[in-house]
>>> print(open('input-v3.txt').read())   # compact mmCIF, C-alpha atoms
# COMPACT_ATOMS: atom_id res chain seq x y z
CA MET X 9 177.15 131.14 81.64
CA GLU X 10 174.82 133.22 79.46
CA SER X 11 175.94 134.60 76.10
CA ILE X 12 175.42 138.09 74.70
CA GLN X 13 176.39 139.97 71.58
CA PHE X 14 179.48 142.13 71.87
CA THR X 15 178.16 145.45 70.58
CA ALA X 16 178.33 148.99 71.90
CA SER X 17 174.54 149.01 72.18
CA THR X 18 174.49 145.81 74.27
CA PHE X 19 177.18 147.12 76.62
CA SER X 20 175.69 150.59 77.10
CA ASN X 21 172.16 149.26 77.69
CA HIS X 22 173.20 146.61 80.23
CA PRO X 23 171.58 147.14 83.67
CA GLU X 24 173.87 149.04 86.01
CA VAL X 25 175.68 146.95 88.63
CA ILE X 26 175.28 148.62 92.03
CA LYS X 27 178.40 149.09 94.16
CA GLY X 28 178.76 146.12 96.51
CA GLU X 29 176.92 143.73 94.19
CA LYS X 30 178.70 140.79 92.55
CA PRO X 31 180.02 141.50 89.01
CA VAL X 32 178.10 139.86 86.14
CA THR X 33 180.00 137.89 83.45
CA TYR X 34 178.82 136.71 80.01
CA LYS X 35 180.38 134.74 77.17
CA ARG X 36 180.44 136.26 73.70
CA GLU X 37 177.73 134.94 71.45
CA GLY X 38 179.45 132.74 68.84
CA ASN X 39 182.83 132.73 70.63
CA LYS X 40 183.00 130.78 73.86
CA HIS X 41 186.55 131.91 74.65
CA GLN X 42 185.72 135.62 74.93
CA PHE X 43 183.90 137.10 77.92
CA VAL X 44 182.76 140.44 79.29
CA THR X 45 182.34 141.34 82.97
CA PHE X 46 180.11 144.18 84.18
CA SER X 47 181.03 145.60 87.58
CA ALA X 48 180.06 148.79 89.39
CA THR X 49 183.05 150.67 87.97
CA THR X 50 184.22 148.92 84.79
CA ILE X 51 183.22 146.83 81.78
CA SER X 52 186.09 144.39 81.28
CA MET X 53 186.68 142.24 78.17
CA GLY X 54 188.88 139.17 78.27
CA ILE X 55 189.58 135.60 77.20
CA SER X 56 189.22 132.27 78.98
CA LYS X 57 190.45 128.98 77.53
CA THR X 58 191.55 125.57 78.76
CA PHE X 59 194.25 123.99 76.60
CA LYS X 60 196.04 120.71 77.31
CA GLY X 61 194.82 120.69 80.90
CA GLN X 62 195.94 124.26 81.63
CA ARG X 63 193.49 127.10 82.16
CA PHE X 64 194.26 130.53 80.70
CA LYS X 65 192.29 133.62 81.71
CA GLU X 66 193.18 137.24 81.00
CA VAL X 67 191.44 140.61 81.01
CA ILE X 68 192.57 142.37 77.84
CA GLY X 69 190.90 145.75 78.09
CA HIS X 70 187.98 147.88 79.22
CA TRP X 71 185.15 149.24 77.14
CA PRO X 72 184.76 151.96 75.89
CA SER X 73 188.46 152.95 76.27
CA MET X 74 189.22 149.85 74.15
CA SER X 75 186.94 149.28 71.19
CA ILE X 76 185.29 145.90 70.69
CA GLN X 77 187.05 145.58 67.31
CA ALA X 78 190.48 146.17 68.90
CA PHE X 79 189.68 143.71 71.66
CA ASP X 80 188.60 141.05 69.18
CA LYS X 81 191.86 141.36 67.25
CA ILE X 82 194.00 141.03 70.40
CA ALA X 83 191.82 138.22 71.79
CA CYS X 84 192.18 136.15 68.61
CA LYS X 85 195.96 136.61 68.76
CA ARG X 86 196.03 135.50 72.41
CA ILE X 87 194.02 132.35 71.65
CA SER X 88 196.34 131.57 68.75
CA ASP X 89 199.40 132.02 71.02
CA ILE X 90 197.87 129.65 73.58
CA GLU X 91 197.22 126.96 70.98
CA THR X 92 200.72 127.25 69.50
CA GLY X 93 202.51 127.41 72.86
CA HIS X 94 203.71 130.99 72.50
CA TYR X 95 201.49 132.53 75.17
CA ASN X 96 203.28 134.45 77.93
CA LYS X 97 200.82 136.09 80.29
CA ALA X 98 203.39 138.35 81.94
CA SER X 99 204.32 139.84 78.57
CA ASN X 100 200.67 140.41 77.64
CA LEU X 101 199.01 141.53 80.88
CA LEU X 102 199.26 145.26 81.50
CA VAL X 103 200.12 146.61 84.95
CA GLY X 104 197.10 148.92 84.84
CA ASP X 105 194.63 146.15 83.97
CA PHE X 106 196.06 143.84 86.61
CA PHE X 107 195.82 146.53 89.28
CA ILE X 108 192.23 147.53 88.42
CA ASP X 109 190.89 143.99 87.95
CA TYR X 110 192.69 142.11 90.72
CA VAL X 111 194.86 144.12 93.13
CA LEU X 112 192.49 147.03 93.79
CA PRO X 113 189.43 144.85 94.59
CA GLN X 114 191.58 142.84 97.00
CA MET X 115 192.81 146.00 98.71
CA GLU X 116 189.30 147.50 98.88
CA SER X 117 188.11 144.50 100.87
CA ARG X 118 191.03 144.56 103.30
CA ASN X 119 192.30 148.14 103.53
CA ARG X 120 190.41 150.99 105.22
CA ASP X 121 192.62 153.68 103.75
CA ILE X 122 191.69 152.91 100.15
CA LYS X 123 191.52 156.61 99.18
CA SER X 124 195.25 156.95 99.85
CA VAL X 125 195.90 153.85 97.75
CA LYS X 126 194.01 155.38 94.82
CA THR X 127 195.93 158.64 95.24
CA ARG X 128 199.23 156.77 95.03
CA TRP X 129 198.00 154.84 92.00
CA ARG X 130 197.27 158.12 90.19
CA ARG X 131 200.99 158.92 90.46
CA VAL X 132 202.08 155.42 89.46
CA MET X 133 199.63 155.07 86.55
CA PRO X 134 201.29 157.36 83.95
CA ALA X 135 204.62 155.56 84.32
CA PHE X 136 203.48 151.93 84.52
CA ALA X 137 199.80 151.36 83.66
CA HIS X 138 200.52 150.86 79.95
CA ARG X 139 203.53 148.57 80.59
CA SER X 140 203.37 144.78 80.59
CA LEU X 141 203.96 143.13 83.96
CA GLY X 142 206.93 141.21 82.63
CA ASP X 143 208.43 144.31 81.00
CA VAL X 144 208.95 146.38 84.17
CA THR X 145 212.49 146.26 85.58
CA ARG X 146 214.07 147.29 88.85
CA LEU X 147 215.79 150.16 87.01
CA ASP X 148 212.40 151.44 85.77
CA ILE X 149 211.04 151.51 89.31
CA GLU X 150 214.13 153.14 90.80
CA GLN X 151 214.07 155.87 88.14
CA PHE X 152 210.39 156.52 88.88
CA LEU X 153 211.05 156.75 92.62
CA VAL X 154 214.02 159.08 92.16
CA GLY X 155 211.84 161.43 90.13
CA LEU X 156 209.07 161.18 92.72
CA SER X 157 211.50 162.00 95.55
CA LYS X 158 212.00 165.46 94.06
CA GLU X 159 208.31 166.21 94.65
CA VAL X 160 207.39 164.42 97.89
CA LYS X 161 208.97 163.32 101.17
CA GLY X 162 210.79 160.05 101.70
CA ALA X 163 207.89 158.48 103.59
CA THR X 164 205.57 159.13 100.63
CA VAL X 165 208.11 157.66 98.20
CA ASN X 166 208.23 154.50 100.33
CA ARG X 167 204.45 154.17 100.22
CA HIS X 168 204.56 154.24 96.43
CA LEU X 169 207.30 151.60 96.48
CA SER X 170 205.08 149.51 98.75
CA LEU X 171 202.16 149.78 96.33
CA LEU X 172 204.29 148.72 93.37
CA SER X 173 205.71 145.82 95.36
CA ARG X 174 202.18 144.77 96.30
CA ILE X 175 201.18 144.63 92.63
CA PHE X 176 204.14 142.46 91.59
CA THR X 177 203.84 140.23 94.66
CA ALA X 178 200.22 139.54 93.70
CA ALA X 179 201.37 138.63 90.18
CA ILE X 180 203.90 136.17 91.66
CA SER X 181 201.22 134.57 93.85
CA LEU X 182 199.16 133.90 90.70
CA ASP X 183 202.17 132.40 88.86
CA ILE X 184 202.20 135.29 86.39
CA LEU X 185 205.71 136.43 87.39
CA LEU X 186 208.70 134.66 88.89
CA LYS X 187 210.46 137.68 90.42
CA ASN X 188 209.42 140.97 91.99
CA PRO X 189 211.34 143.85 90.33
CA CYS X 190 210.97 145.85 93.57
CA LYS X 191 213.13 143.36 95.45
CA GLY X 192 216.39 144.89 96.60
CA ILE X 193 215.30 148.52 96.26
CA LYS X 194 216.24 150.36 99.44
CA LYS X 195 213.69 152.51 101.18
CA TRP X 196 214.14 156.27 101.18
CA PRO X 197 215.23 157.91 104.46
CA GLU X 198 212.21 159.19 106.35
CA ASP X 199 212.44 162.47 108.19
CA ASN X 200 208.81 162.83 109.16
CA MET X 201 208.97 162.21 112.90
CA ARG X 202 206.58 164.50 114.74
CA ASP X 203 206.77 165.24 118.46
CA ARG X 204 203.94 167.77 118.71
CA VAL X 205 201.77 167.14 121.74
CA LEU X 206 199.35 169.58 123.30
CA THR X 207 200.23 171.30 126.56
CA GLN X 208 197.69 171.27 129.36
CA ALA X 209 196.85 174.92 128.65
CA GLU X 210 196.17 174.06 125.00
CA ILE X 211 194.07 171.06 126.00
CA ASP X 212 191.99 173.23 128.35
CA ILE X 213 191.16 175.69 125.57
CA TYR X 214 190.61 172.98 122.94
CA VAL X 215 188.20 171.00 125.11
CA THR X 216 186.34 174.07 126.43
CA GLU X 217 185.81 175.55 122.96
CA ALA X 218 184.87 172.20 121.39
CA ILE X 219 182.22 171.66 124.09
CA SER X 220 180.93 175.18 123.46
CA MET X 221 180.60 174.51 119.70
CA ASP X 222 178.59 171.32 120.34
CA THR X 223 178.60 170.12 116.72
CA PRO X 224 179.12 166.60 115.35
CA GLN X 225 182.55 167.75 114.17
CA SER X 226 183.65 169.15 117.54
CA ARG X 227 182.33 166.11 119.39
CA ALA X 228 184.23 163.82 116.99
CA LEU X 229 187.46 165.70 117.73
CA LEU X 230 186.88 165.41 121.48
CA LEU X 231 186.29 161.66 121.16
CA SER X 232 189.53 161.34 119.19
CA LEU X 233 191.38 163.07 122.02
CA PHE X 234 189.76 161.14 124.88
CA LEU X 235 190.17 157.71 123.26
CA GLY X 236 193.32 158.26 121.18
CA LEU X 237 191.46 157.05 118.09
CA ARG X 238 192.29 157.94 114.52
CA ILE X 239 189.74 160.48 113.34
CA GLY X 240 188.82 158.18 110.45
CA ASN X 241 187.72 155.53 112.95
CA VAL X 242 185.75 158.09 114.94
CA ILE X 243 183.63 159.61 112.18
CA THR X 244 182.65 156.15 110.85
CA ILE X 245 181.24 154.84 114.15
CA ARG X 246 177.77 153.29 113.81
CA ARG X 247 175.26 152.66 116.59
CA SER X 248 175.70 148.91 116.08
CA MET X 249 179.40 149.20 117.04
CA LEU X 250 178.49 150.27 120.60
CA ASP X 251 177.30 147.86 123.24
CA ALA X 252 174.11 148.62 125.19
CA SER X 253 175.93 149.86 128.31
CA LEU X 254 178.39 152.02 126.33
CA SER X 255 181.28 150.17 127.92
CA THR X 256 182.94 149.06 124.67
CA LEU X 257 183.22 150.13 121.04
CA HIS X 258 183.88 147.48 118.39
CA LEU X 259 185.83 148.65 115.34
CA PRO X 260 185.34 146.03 112.59
CA GLN X 261 188.33 147.30 110.61
CA THR X 262 191.21 149.61 111.47
CA LYS X 263 194.15 150.92 109.45
CA ASN X 264 196.06 147.62 109.70
CA GLY X 265 192.99 145.69 108.51
CA ARG X 266 192.20 144.11 111.89
CA SER X 267 189.20 144.53 114.16
CA TYR X 268 189.53 145.86 117.70
CA THR X 269 187.38 146.38 120.75
CA VAL X 270 187.91 149.68 122.57
CA ALA X 271 187.21 150.09 126.29
CA LEU X 272 185.25 153.33 126.70
CA ASN X 273 186.11 155.76 129.50
CA GLU X 274 183.58 158.03 131.20
CA PRO X 275 184.41 161.25 129.25
CA ALA X 276 184.00 159.27 126.02
CA ARG X 277 180.67 157.84 127.23
CA GLN X 278 179.38 161.32 127.99
CA ILE X 279 180.25 162.48 124.48
CA LEU X 280 178.69 159.40 122.90
CA ARG X 281 175.45 159.81 124.87
CA ARG X 282 175.16 163.33 123.51
CA CYS X 283 175.95 162.11 119.99
CA LEU X 284 173.36 159.32 120.12
CA LEU X 285 170.75 161.77 121.36
CA MET X 286 171.46 164.15 118.48
CA SER X 287 171.86 161.49 115.74
CA TRP X 288 168.93 160.81 113.40
CA ASN X 289 170.26 157.71 111.64
CA ASP X 290 172.66 154.79 112.17
CA TRP X 291 175.74 157.02 112.11
CA VAL X 292 176.86 158.38 115.47
CA PHE X 293 178.21 161.42 113.59
CA PRO X 294 175.66 161.89 110.77
CA SER X 295 176.20 164.38 107.97
CA ALA X 296 173.70 167.21 107.67
CA VAL X 297 174.80 167.77 104.07
CA ASN X 298 174.95 164.28 102.54
CA ASP X 299 171.86 162.31 103.47
CA GLY X 300 172.62 158.88 104.88
CA GLN X 301 176.35 159.55 105.20
CA HIS X 302 178.66 160.31 108.12
CA ILE X 303 180.41 163.67 108.54
CA ALA X 304 183.49 164.46 106.49
CA TYR X 305 186.97 164.90 107.93
CA PRO X 306 186.46 167.75 110.48
CA ARG X 307 189.42 169.83 109.26
CA ASN X 308 187.66 173.22 109.32
CA CYS X 309 186.40 172.72 112.87
CA HIS X 310 189.88 171.72 114.03
CA GLU X 311 191.45 174.76 112.37
CA ARG X 312 188.97 177.04 114.16
CA LEU X 313 189.91 175.46 117.48
CA CYS X 314 193.63 175.87 116.70
CA ALA X 315 193.05 179.55 115.88
CA LEU X 316 191.33 180.06 119.24
CA ILE X 317 194.32 178.53 121.01
CA GLN X 318 196.79 180.72 119.12
CA ALA X 319 194.71 183.79 119.94
CA GLN X 320 194.92 183.04 123.68
CA ILE X 321 198.42 181.56 124.03
CA ILE X 322 201.38 183.56 122.73
CA GLY X 323 203.76 181.41 120.72
CA ALA X 324 201.36 178.45 120.34
CA THR X 325 202.13 176.58 117.12
CA PRO X 326 199.57 174.87 114.86
CA PHE X 327 198.98 171.15 115.23
CA ARG X 328 197.24 168.42 113.26
CA ILE X 329 194.20 166.36 114.18
CA HIS X 330 196.46 163.31 114.41
CA ASP X 331 198.44 165.10 117.13
CA LEU X 332 195.42 164.55 119.39
CA ARG X 333 196.18 160.82 119.17
CA ARG X 334 199.86 161.51 119.86
CA THR X 335 198.90 163.62 122.89
CA TYR X 336 196.76 160.76 124.23
CA ALA X 337 199.65 158.31 123.79
CA SER X 338 202.20 160.57 125.44
CA ARG X 339 199.97 161.33 128.41
CA GLN X 340 199.03 157.68 128.95
CA LEU X 341 202.67 156.57 128.79
CA ALA X 342 203.61 159.27 131.30
CA LEU X 343 200.84 158.15 133.66
CA THR X 344 201.36 154.37 133.38
CA GLY X 345 204.96 153.91 132.22
CA ASP X 346 203.68 150.88 130.31
CA ALA X 347 204.47 151.07 126.57
CA ARG X 348 202.76 147.73 125.92
CA LEU X 349 199.54 149.03 127.45
CA VAL X 350 199.66 152.13 125.25
CA GLN X 351 200.40 149.90 122.26
CA SER X 352 197.22 147.92 122.92
CA ASN X 353 195.13 151.06 123.30
CA LEU X 354 196.41 152.49 120.01
CA PHE X 355 196.06 149.14 118.11
CA HIS X 356 199.69 149.24 116.99
CA GLN X 357 201.13 145.98 115.72
CA SER X 358 204.60 146.96 116.95
CA VAL X 359 205.61 148.75 120.15
CA THR X 360 208.19 150.57 118.02
CA THR X 361 205.36 152.46 116.35
CA THR X 362 203.95 153.34 119.76
CA GLU X 363 207.28 154.74 120.88
CA ARG X 364 207.24 157.09 117.88
CA TYR X 365 203.89 158.44 119.08
CA ALA X 366 204.60 158.78 122.77
CA PHE X 367 206.75 161.77 123.67
CA HIS X 368 207.44 162.98 127.19
CA GLU X 369 207.58 166.67 127.92
CA GLN X 370 211.10 168.14 127.96
CA PRO X 371 211.14 168.95 131.72
CA LYS X 372 210.33 165.31 132.50
CA LEU X 373 213.11 164.13 130.20
CA ALA X 374 215.57 166.50 131.87
CA ALA X 375 214.47 165.31 135.32
CA ALA X 376 214.84 161.67 134.27
CA SER X 377 218.32 162.37 132.89
CA GLN X 378 219.28 164.13 136.12
CA GLN X 379 218.01 161.24 138.23
CA THR X 380 219.90 158.68 136.12
CA ALA X 381 223.22 160.54 136.22
CA LEU X 382 223.03 161.12 139.98
CA SER X 383 222.38 157.42 140.52
CA PHE X 384 225.81 156.70 138.99
CA LEU X 385 227.54 158.85 141.56
CA GLY X 386 225.95 157.41 144.67
CA ASN X 387 227.79 159.09 147.60
CA LEU X 388 230.46 160.51 145.34
CA SER X 389 230.54 164.08 144.13
CA LEU X 390 232.15 165.72 141.15
CA PRO X 391 234.59 168.53 141.68
CA THR X 392 233.32 171.98 140.77
CA ILE X 393 235.10 174.15 138.21
CA SER X 394 236.24 176.55 140.98
CA SER X 395 237.83 173.73 142.97
CA ILE X 396 239.69 172.53 139.87
CA ASN X 397 241.01 176.02 139.23
CA GLU X 398 242.17 176.33 142.84
CA ALA X 399 244.00 173.01 142.60
CA ALA X 400 245.73 174.18 139.42
>>> encode(input="input-v3.txt", output="structure tokens")
Amino acid sequence: MESIQFTASTFSNHPEVIKGEKPVTYKREGNKHQFVTFSATTISMGISKTFKGQRFKEVIGHWPSMSIQAFDKIACKRISDIETGHYNKASNLLVGDFFIDYVLPQMESRNRDIKSVKTRWRRVMPAFAHRSLGDVTRLDIEQFLVGLSKEVKGATVNRHLSLLSRIFTAAISLDILLKNPCKGIKKWPEDNMRDRVLTQAEIDIYVTEAISMDTPQSRALLLSLFLGLRIGNVITIRRSMLDASLSTLHLPQTKNGRSYTVALNEPARQILRRCLLMSWNDWVFPSAVNDGQHIAYPRNCHERLCALIQAQIIGATPFRIHDLRRTYASRQLALTGDARLVQSNLFHQSVTTTERYAFHEQPKLAAASQQTALSFLGNLSLPTISSINEAA
């Protein structure tokens, strides 16, 4: 490993590491136990030492938020603690440093929805980033979640609990901690079940107007409806994900981190042919604003389509883009009666999740209830209220 001087000038003049490239690490000139790592987002300073057959490695801070002088003082203390047997990594390693240097890179490589992870971390950071891993208790976490529950819904609170648990579980896997302080904390009740599906009249208007717009955004929304795909999967489709005959679409990574192959139906193929004809780069839905990028979340286009529906149908309520996926699930379950089939088409790991998405229309539920109750009676009949009164 090469050595460099630890000076502000050396750090600031180091060649920039491009996103996606491997971080570059150097030893400190004159001190083999100190190192600096240059990545696309951070400049991390830490120590690395092997003592009595045991290897110790710790990121202490990030330049320029931590000065080189402050780092050197802490690093010397850490090395001294290692040599005297007083080193405790959990009491020294900060939650914030551990998340940035280890947990976040792991999640970026495995989790599509990394923007949501970073949003949750921004809420967690003020309460825990400056705390040592070994200093955080279950009470600390519960107090944080209680405060958070006053601002957001239960489902969002649970996602923050999941992120914190992920951090401490990673620390356990690296033998930094023995126990996860999140263990035993009950999840918050979730009251975020949605049953909004589009009626046929709403679908007719939505599809007609989206076809009339004929923009990458409107075509992306139509593809989401016809395939039941998450809009995030739709807008990130590349030409290389489609086979030559447009019979399948390969998604290398979905929300649960797995890859899936989608069977394309004819309406979807027609939309994709139009998209490929209009696309000028590798993206099927290229951005006209950001060169070389795909389109952004088509929220404005969707809101215009919703407004057109509300203008033509009295009493029509707004709906979200994700309700297109719910509409697809509900319609497919009504047509096939096969929840497992719908589960496969939606890439759900559990059929329970699918059942939350697939809602039958109220008249069909009433008819099913009627049919079930009548089957109990067989050839019997219940007395009417008038006949009971006459008997009395």
>>> closest_residue(input="input-v3.txt", among="X:Cys314, X:Gly192, X:Leu254, X:Gly240", to="Ile122 in chain X", atoms="all atoms listed in the file")
X:Gly240
>>> atom_distance(input="input-v3.txt", atom1="CA of Val103 in chain X", atom2="CA of Met133 in chain X")
8.6 Å
>>> closest_residue(input="input-v3.txt", among="X:Arg334, X:Lys81, X:Arg174, X:Arg204", to="Val350 in chain X", atoms="all atoms listed in the file")
X:Arg334
>>> residues_near_point(input="input-v3.txt", point="(173.7, 158.0, 120.9)", cutoff="8 Å", atoms="all atoms listed in the file", output="list in words")
Arg247, Leu280, Arg281, Arg282, Cys283, Leu284, Leu285, Met286, Ser287 and Val292 of chain X
>>> atom_distance(input="input-v3.txt", atom1="CA of Lys161 in chain X", atom2="CA of Thr145 in chain X")
23.4 Å
>>> residues_around(input="input-v3.txt", residues="Ala304 in chain X", least_positions_apart="4", cutoff="9 Å", atoms="only C-alpha atoms", output="list in words")
Gln225, Ile243 and Ser295 of chain X
